[in-house]
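Q: Sharing a structure here in structure tokens format.
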Amino acid sequence: MIDHDRFAAIVRAAGEIAHSHWPGSGHDLHSWEKKPGDPVCEADLAVDKFLRRELSALLPSAGWLSEETVDSPARMENRLIWLVDPIDGTRDFIRGRTGWAVSVALVSEGRPLIGMLSAPAREEEWLAVAGRGAQRNGETLVASRRETLAGARIPADSLMKEDRLMTMVEKPNSIALRVAMVAADEADLIATLRWGFEWDLGAAALIAREAGAAVSDAFGKPFGYNKRDPRSFGLVASAPGIHRAVTEHLAERAKVVAARPRG
């Protein structure tokens, strides 16, 4: 359907554009807040503009859904759609930390076909094609095979009392990179209890699934893509053997949080 090498080259170039703005490389950066607690920077916009131009040329028939582009209902008419987060992990990016990535996925009829994360500050490229597995820097990924929740590795800064049966590991700001950690067997699970957007998950969810992980919303239901409302509640990406235990562990909290008015 598309030239995979050209797709990867485009996403890689987008990562290089982002890296050229990254304060961790000594660059000055202009940033601001779209709304309180929601940062954005000039690199987000530069990468978004580049990707829209290049990906639209690569596959003109595909629609577009990006964190940094005003959503258009016209995308619903497309069988194919690009899901883009120009910089996932903007807080780490702005602070000069390495926990960020450019995230791009192509979705067909609600299912991701190809997804890539470019994380040049970590010297990492993650790529998955549906039915063909997932790789990091060319090496095949095999997800965690943990069977018990107690002691499971989770990327976190801190844990609530009821979650302290688990073990904290490094937590990049990018949720896509945290999901990728499960794909690489560097974490056993990631779980969130908040409303998230399709562009946060399209590429990373495919990478995790192709590596053998289980991925769902907070209630254990599969994700859909190119929905009228591009949000889903929560995320669980984990070793298949503990996925049910994770959703059951979170079930009561998930019901309470999901019932609150959306911000």
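Naming works like this for the structure tokens: A, B, ... for the chains as they're shown, residue 1 at the start of each chain, ligands 1 onward in shown order.
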Do you know which residues are at most 8 Å from Pro86 of chain A counting only C-alpha atoms, after dropping those on the same chain fewer than 4 positions away, and could you put them as a ChimeraX atom specification?
A: /A:44-45,47-48,66-68,101-104
Q: So that I can check the surroundings of Arg136 of chain A, please list as a PyMOL selection string every protein, DNA and RNA residue that reaches within 8 Å of it, counting only C-alpha atoms and ignoring chain neighbours fewer than 4 positions away.
A: chain A and resi 124-127+140-141
Q: Name all residues at most 9 Å from Gly63 of chain A (count only C-alpha atoms; drop same-chain ones fewer than 6 positions away) and give them as a ChimeraX atom specification.
A: /A:56,74-83
Q: So that I can check the surroundings of Arg111 of chain A, please list as a list in words every protein, DNA and RNA residue that reaches within 7 Å of it, counting only C-alpha atoms and ignoring chain neighbours fewer than 3 positions away.
A: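 Contacts, with the query itself left out: Val107, Ser108 and Tyr225 of chain A.
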Q: Keeping only C-alpha atoms, take the residues you just selected and write them out as a tab-separated table (two decimals), in the first residue's frame.
A:
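Below is the file out07.tsv, written as the result:
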chain	number	residue	atom	x	y	z
A	107	VAL	CA	-4.82	3.33	10.16
A	108	SER	CA	-7.14	1.51	7.75
A	225	TYR	CA	-9.53	4.54	15.56
Q: Report as a VMD selection string: the residues of segment 62-164 of chain A with a DSSP assignment of strand (DSSP E), based on the backbone of this structure.
A: chain A and resid 63 to 66 80 to 88 101 to 108 111 to 119 124 to 129 134 to 136 139 to 140 153 to 155
Q: Only C-alpha atoms, please: the residues just picked out, written as a compact mmCIF listing (two decimals), in the first residue's frame.
A:
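Printed below is again.txt as written:
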# COMPACT_ATOMS: atom_id res chain seq x y z
CA GLY A 63 -7.09 11.59 6.13
CA TRP A 64 -5.33 13.37 8.96
CA LEU A 65 -5.65 13.45 12.75
CA SER A 66 -2.89 15.15 14.71
CA LEU A 80 -7.24 5.51 5.60
CA ILE A 81 -6.00 8.05 8.13
CA TRP A 82 -2.69 9.23 9.49
CA LEU A 83 -2.47 9.49 13.28
CA VAL A 84 0.29 11.89 14.33
CA ASP A 85 1.72 13.16 17.58
CA PRO A 86 4.52 15.48 16.44
CA ILE A 87 6.24 15.30 19.83
CA ASP A 88 4.86 12.85 22.35
CA ALA A 101 9.34 10.70 20.48
CA VAL A 102 7.70 11.52 17.18
CA SER A 103 4.76 9.13 16.77
CA VAL A 104 3.11 8.27 13.45
CA ALA A 105 0.68 5.52 12.45
CA LEU A 106 -1.37 4.73 9.37
CA VAL A 107 -4.82 3.33 10.16
CA SER A 108 -7.14 1.51 7.75
CA ARG A 111 -6.89 -0.76 12.51
CA PRO A 112 -3.25 0.40 12.51
CA LEU A 113 -1.28 -0.92 9.54
CA ILE A 114 2.14 0.58 10.23
CA GLY A 115 3.50 2.61 13.13
CA MET A 116 6.81 4.22 14.00
CA LEU A 117 8.34 6.09 16.91
CA SER A 118 11.42 8.20 16.27
CA ALA A 119 13.30 8.98 19.49
CA GLU A 124 15.99 4.69 19.08
CA GLU A 125 13.66 3.90 16.20
CA TRP A 126 10.67 1.67 16.82
CA LEU A 127 8.75 0.24 13.87
CA ALA A 128 5.89 -2.22 13.46
CA VAL A 129 3.91 -3.44 10.46
CA ALA A 134 7.95 -5.08 15.70
CA GLN A 135 11.52 -3.88 15.87
CA ARG A 136 13.73 -1.42 17.69
CA GLU A 139 16.14 -5.90 16.29
CA THR A 140 12.97 -7.97 16.73
CA ARG A 153 7.68 -3.61 36.43
CA ILE A 154 5.77 -0.41 35.74
CA PRO A 155 7.15 2.94 34.50
Q: Which residue is closest to Ile242 of chain A? Choose from A:Asn173, A:Ser144, A:Ser158, A:Thr90 and count only C-alpha atoms.
A: A:Ser144
Q: Would you give me, as an MDAnalysis selection string, the residues in segment 105-161 of chain A that DSSP reads as helix (DSSP H, G or I)?
A: chainID A and resid 120:122 161
Q: Go through A:Ser61, A:Ser174, A:Thr167, A:Thr69 one by one, measure the shortest atom-to-atom distance of each to Phe93 of chain A using only C-alpha atoms, and give the residue with the smallest value.
A: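 Among the listed residues, A:Ser174 lies closest to Phe93 of chain A.
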Q: Taking 6 positions as the minimum chain separation for residues in the same chain, which residues sit within 12 Å of Asp188 of chain A when counting only C-alpha atoms? Answer as a PyMOL selection string.
A: chain A and resi 142-155+166-169+178-182+208+212-215+236-243+246
Q: How far is it from atom CA of Arg228 of chain A to atom CA of Glu54 of chain A, in Å with one decimal?
A: 24.9 Å
Q: From the set A:Ala62, A:Ile2, A:Ala121, A:Ala191, which residue has the shortest atom-to-atom contact distance to Gly15 of chain A, counting only C-alpha atoms?
A: A:Ala121
Q: Contacts of Phe219 of chain A at 8 Å or less, counting only C-alpha atoms, minus same-chain residues fewer than 4 places along, as a PyMOL selection string?
A: chain A and resi 234+247+251+254
Q: Please, could you write that set of residues out with all heavy atoms as a PDB file, in the first residue's frame?
A:
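Resulting contents of selection08.pdb:
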ATOM      1  N   GLY A 234      -8.507   5.546  29.350  1.00  0.00           N
ATOM      2  CA  GLY A 234      -7.478   4.704  29.936  1.00  0.00           C
ATOM      3  C   GLY A 234      -6.747   3.837  28.933  1.00  0.00           C
ATOM      4  O   GLY A 234      -7.110   3.718  27.759  1.00  0.00           O
ATOM      5  N   THR A 247      -6.533  -5.170  34.646  1.00  0.00           N
ATOM      6  CA  THR A 247      -7.834  -4.515  34.486  1.00  0.00           C
ATOM      7  C   THR A 247      -8.724  -4.759  35.702  1.00  0.00           C
ATOM      8  O   THR A 247      -9.461  -3.866  36.122  1.00  0.00           O
ATOM      9  CB  THR A 247      -8.540  -4.983  33.208  1.00  0.00           C
ATOM     10  OG1 THR A 247      -8.677  -6.401  33.205  1.00  0.00           O
ATOM     11  CG2 THR A 247      -7.749  -4.560  31.973  1.00  0.00           C
ATOM     12  N   ALA A 251     -10.307  -1.860  38.171  1.00  0.00           N
ATOM     13  CA  ALA A 251     -11.704  -1.746  37.755  1.00  0.00           C
ATOM     14  C   ALA A 251     -12.501  -0.710  38.534  1.00  0.00           C
ATOM     15  O   ALA A 251     -13.187   0.136  37.943  1.00  0.00           O
ATOM     16  CB  ALA A 251     -12.375  -3.109  37.832  1.00  0.00           C
ATOM     17  N   ALA A 254     -11.308   2.792  37.831  1.00  0.00           N
ATOM     18  CA  ALA A 254     -11.633   3.171  36.454  1.00  0.00           C
ATOM     19  C   ALA A 254     -13.080   3.628  36.337  1.00  0.00           C
ATOM     20  O   ALA A 254     -13.378   4.625  35.672  1.00  0.00           O
ATOM     21  CB  ALA A 254     -11.370   1.991  35.518  1.00  0.00           C
TER      22      ALA A 254
END
Q: Between atom CA of Phe197 of chain A and atom CA of Arg97 of chain A, what distance in Å does the model show, to one decimal?
A: 23.0 Å
Q: Ranking A:Phe223, A:Trp100, A:Phe7, A:Phe233 by minimum distance to Ala259 of chain A and counting only C-alpha atoms, which one comes first?
A: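 Selected residue with least distance to Ala259 of chain A: A:Phe233.
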Q: For a quick check of understanding, using only C-alpha atoms, which of A:Asp217, A:Pro73, A:Gly96, A:Ala211 has the smallest distance to Ser25 of chain A?
A: A:Gly96
Q: Skipping near chain neighbours, those fewer than 6 positions away, what residues fall within 8 Å of Leu51 of chain A using only C-alpha atoms, listed as a PyMOL selection string?
A: chain A and resi 10-11+14
Q: Mind dumping the selected residues with N, CA and C atoms as an mmCIF file, in the first residue's frame?
A:
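Contents of the output file again23.cif:
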data_model
loop_
_atom_site.group_PDB
_atom_site.id
_atom_site.type_symbol
_atom_site.label_atom_id
_atom_site.label_comp_id
_atom_site.auth_asym_id
_atom_site.auth_seq_id
_atom_site.Cartn_x
_atom_site.Cartn_y
_atom_site.Cartn_z
ATOM 1 N N ILE A 10 10.646 9.410 6.220
ATOM 2 C CA ILE A 10 9.904 10.629 6.561
ATOM 3 C C ILE A 10 9.833 10.808 8.074
ATOM 4 N N VAL A 11 9.493 9.743 8.786
ATOM 5 C CA VAL A 11 9.386 9.848 10.244
ATOM 6 C C VAL A 11 10.752 10.108 10.859
ATOM 7 N N ALA A 14 11.493 13.682 10.457
ATOM 8 C CA ALA A 14 10.715 14.457 11.429
ATOM 9 C C ALA A 14 11.399 14.436 12.792
#
